[in-house]
Structures are given as C-alpha cells and as structure tokens.
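Scroll down for the structure; my scribbles are underneath it.
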Amino acid sequence: MSKRDYYEVLGVSKDASKEELKKAYRKLARKYHPDVNKEADASDKFKEAKEAYEVLNNDQKRAQYDQFGHAGPQSQGFGGGFGGAEDFGGFGDIFDMFFGGGGRRRDPNAPRQGADLQYTMTLNFEEAIFGKETDIEIPREENCETCDGSGAKPGTKPKTCSHCNGSGQLNVEQNTPFGRVVNKRVCHYCQGSGKMIEDKCNTCGGSGKVRKRKKIHISIPAGIDEGQQIRVSGQGEAGANGGPPGDLYVVIQVRGHEFYQREGDHIFCEMPVTFAQAALGDEIEIPTVHGKVKLKVPAGTQTGKTFRLKGKGAPNVRSQVHGDQHVKIRVVTPTNLDDRQKELLRELNDLGGNKPTDEHEDSFFQRVKRAFKGE
C-alpha cells in the first residue's frame with residue numbers, strides 16, 4: 001500500500017513553517033496517540049503522523065523528500081515507529097507536554113501519570129432515566145505498600161543504571177549514505193527506567209506495582225443514555241515516580257424496554273385502542289416512567305396518530321429539563337367475533353355504504369380514488 005504525501009498527512013501546505021508543522025503534528029498526536037485513542041486504526045495514524053513530522057521537520061530530509069518523494073534515496077534515512085533518530089526538533093517535548101511522558105522520555109525518573117481504566121456498566125431502562133448510586137469493583141495496579149512503589153527490598157534503594165547513567169537510553173551509532181547517525185535506543189539493562197534494583201521487593205518482585213481489586217462508589221446521573229460515559233478522576237492505575245493516578249471511565253449500556261423506546265430525551269410508545277374507542281373517542285390511561293396519565297382520544301382517531309405528553313420523557317443529563325413522551329395510536333382489528341358481533345359490524349358496514357369514509361377534505365381515501373381515476 002503506497003504512502004500518503006507527508007504534507008497531506010499533516011494537513012499543511014508545502015511551504016509550511018516549522019511552527020506550523022509542529023502545531024499540526026501536536027494536534028494529530030493528541031488525537032491519535034494509542035494511550036488516548038482506542039480505535040483500531042489510531043496507532044497506524046499516529047505512526048504515520050509521527051513519520052511525516054520527523055521528515056518534514058528536518059531541513060535535510062525535507063529537502064530530499066521535496067526533490068525525490070517517498071521513492072528517493074532519502075527513504076533509507078527516514079525514521080519510523082517509536083525509536084527513530086535523535087530528537088527530531090522537539091519531538092520529545094511534544095510527548096512530555098501532552099501525554100505525561102509517553103513516547104520517548106528525556107528523564108525516565110520524571111513523574112508520570114498512571115494509565116486510565118475503562119469499565120462497562122449495564123443499566124435497565126428505568127435506572128438510566130432516574131440515575132442511581134452504586135458500588136463497582138475493578139482490578140487495577142497500585143503502588144506496592146511494602147516498598148512504597150520503588151521495587152526495592154525495604155531497607156535498600158534502587159541504584160542509577162551504570163550503562164545509561166540514568167537516562168534510560170543508549171546511543172547507537174550507525175553509518176548511512178548520509179554519514180554517521182546517532183540513534184537512541186531504550187537501555188536493555190534497565191528497560192528504560194534508568195535504575196537498577198539489586199535486592200528486589202518480595203511482594204511485587206521489583207515492579208513496584210501490585211494488582212488489587214478496588215471498590216469504588218459511582219453516582220449515575222439521571223438521564224444518562226447508551227454510550228455515554230462517566231469520568232471518575234484519580235481512580236485509574238497508580239502513577240510512576242510519584243506521578244498522579246489515571247482516571248476511570250465508566251461506559252454506560254442500557255437494556256431495551258418491552259414497551260418504551262428512547263431517542264435522546266424523548267420516549268416513544270405505541271398504545272392499542274379498539275375500533276369503537278377510535279371511532280367514538282375515549283379517555284384512556286397511558287403508562288409513563290413517571291406514572292400513569294389520562295389521554296383524551298378524539299372521535300375519528302386513525303391508526304398512526306401520535307399524541308405528545310409534555311415533560312414525561314427523560315431528563316437531560318446536563319440540564320435536567322425533561323423531554324416528552326410520544327404516544328402512537330394503533331387501532332386493533334377485532335378477531336374471534338361471535339355471531340352477534342359480526343351481525344352488528346355488517347350492519348354498520350352497510351350503513352356506511354360498504355366503502356371506507358373520511359370526512360377530511362383531502363383524505364387518504366380520496367387520494368386513492370384519484371389514483372384509480374388516473375387524476
């Protein structure tokens with residue numbers, strides 16, 4: 001599959017300044033970073049934007065790209081993935097600014113925010129309408145209490161890695177057609193932490209983290225709907241090096257209801273009435289989530305007629321202003337009639353001229369008549 005034009009990837013013109021390139025890249029990095037965006041193609045889009053920025057932000061590589069495109073000799077020197085050449089014009093600063101140290105970190109011992117967690121909660125229809133208070137239990141990583149998250153056995157401390165001098169990275173020199181390039185790689189002796197633990201904590205095995213189940217109280221607001229989520233600040237996984245914990249996101253799913261349907265803040269239902277009620281009119285009782293209400297059905301009501309019950313819908317999750325309930329009338333055709341009922345219906349049919357009637361000037365049946373006449 002051919003690569004897209006780097007300028008097109010970043011959404012900038014071919015004469016874009018470095019500041020414009022940086023601004024465009026920061027926007028895409030914030031949108032598609034795998035720690036933020038969980039969509040299937042987010043990682044690929046993030047890497048594509050990163051590669052485009054690394055090339056266009058380097059004067060030499062940009063000149064080569066402008067001259068030769070993707071197929072030219074410069075393709076051998078382009079960075080890719082997450083371990084590219086040394087600091088492409090503040091690339092590390094961008095990650096530190098937006099992702100709390102994600103990507104390549106200049107200081108592996110700097111405080112980093114913990115990972116966010118996601119929990120899916122299923123509510124029944126009424127719970128979503130009125131909200132609820134509940135407790136959930138989630139598995140998450142927390143700092144080890146035995147070693148206070150250091151990973152070292154109590155009474156000892158981690159030491160600075162002698163191979164990378166605490167930077168978490170090793171310089172690797174490589175000869176290329178354009179000269180010697182110094183690439184940075186994660187230090188495999190300390191796994192990028194910049195520290196070496198000689199005496200590991202027996203509780204966490206040196207990781208500084210333990211997995212526990214945590215009970216958390218959740219307040220579900222009235223009117224929440226399918227697919228919406230609740231952010232519980234600070235209830236994600238523990239941070240590193242004294243950094244803050246991540247957040248917990250509770251994603252809501254709502255079970256369907258056998259009678260009601262919901263669209264936004266409005267509730268819809270279908271109410272059956274008899275032929276006599278529709279023809280003569282009646283006052284019927286309508287169930288709503290807020291209780292039963294009376295609805296006057298005027299004489300001559302047709303199937304499909306919809307009535308609005310103001311304020312009987314769901315509350316808006318932000319304003320708490322209620323939507324409406326819409327009631328659609330369905331006229332039920334009688335079945336299993338006895339002889340007397342059949343006789344009365346035949347009599348009614350004969351009195352009506354054995355044809356459907358509608359008093360409205362431009363009724364459905366009048367339009368049918370004109371269609372048959374070819375009007």
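If you're wondering about the labels, chains in the structure tokens are A, B, ... by order shown, residues count from 1 in each chain, ligands from 1 in order shown.
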Quick one: everything within 6 Å of A:Gln325, counting only C-alpha atoms, minus sequence neighbours fewer than 4 positions away in the same chain. Send it as a ChimeraX atom specification. /A:266-268,308-309,312-313
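The protein and nucleic acid residues lying at most 10 Å from A:Pro108 are Gly101, Arg104, Arg105, Pro111, Arg112, Gly166, Ser167, Gly168, Gln169, Gly192, Ser193, Gly194, Lys195, Ala240 and Asn241 of chain A, with only C-alpha atoms considered and sequence neighbours fewer than 3 positions away removed.
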Give me, as a ChimeraX atom specification, the residues of stretch 145-368 of chain A that a backbone DSSP run labels helix (DSSP H, G or I). /A:275-280,339-351,364-368
May I have the residues within 8 Å of A:Ile138 as a PyMOL selection string, using only C-alpha atoms and disregarding those fewer than 3 positions away in the same chain? chain A and resi 119+213-216
Counting only C-alpha atoms, the option among A:Lys296, A:Lys200, A:Arg26, A:Arg140 closest to A:Asp116: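 Answer, going by the shortest atom-to-atom distance: A:Arg140.
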Within 10 Å of A:Val250 using only C-alpha atoms, minus same-chain residues under 2 positions, as a list in words: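 The neighbour list is Leu117, Gln118, Tyr119, Thr120, Met121, Ile136, Ile218, Ile220, Gly227, Gln228, Gln229, Ile230, Arg231, Val232, Asp247, Leu248, Ile252 and Gln253 of chain A.
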Using the selection just defined, write its residues with C-alpha atoms as a CSV table (one decimal), in the first residue's frame.
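The new file part-v6.csv reads:
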chain,number,residue,atom,x,y,z
A,117,LEU,CA,-9.1,2.4,33.0
A,118,GLN,CA,-12.5,1.6,31.4
A,119,TYR,CA,-15.4,-0.2,33.0
A,120,THR,CA,-18.7,-1.1,31.2
A,121,MET,CA,-21.8,-0.8,33.3
A,136,ILE,CA,-18.4,-1.3,41.5
A,218,ILE,CA,-20.3,5.6,41.4
A,220,ILE,CA,-25.1,7.6,37.9
A,227,GLY,CA,-22.8,5.0,25.0
A,228,GLN,CA,-22.3,8.0,27.4
A,229,GLN,CA,-19.5,7.7,30.0
A,230,ILE,CA,-18.7,8.9,33.5
A,231,ARG,CA,-15.2,10.1,34.3
A,232,VAL,CA,-14.1,9.3,37.9
A,247,ASP,CA,-8.8,8.2,35.6
A,248,LEU,CA,-11.6,5.7,35.5
A,252,ILE,CA,-22.9,3.0,30.0
A,253,GLN,CA,-25.0,0.4,28.3
Residue with smallest distance to A:His290 - pool A:Ala24, A:Val331, A:Val251, A:Ala314, counting only C-alpha atoms: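 Distance minimum relative to A:His290 lands on A:Ala314.
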Computed gap from atom CA of A:Pro287 to atom CA of A:Val254 is 20.0 Å
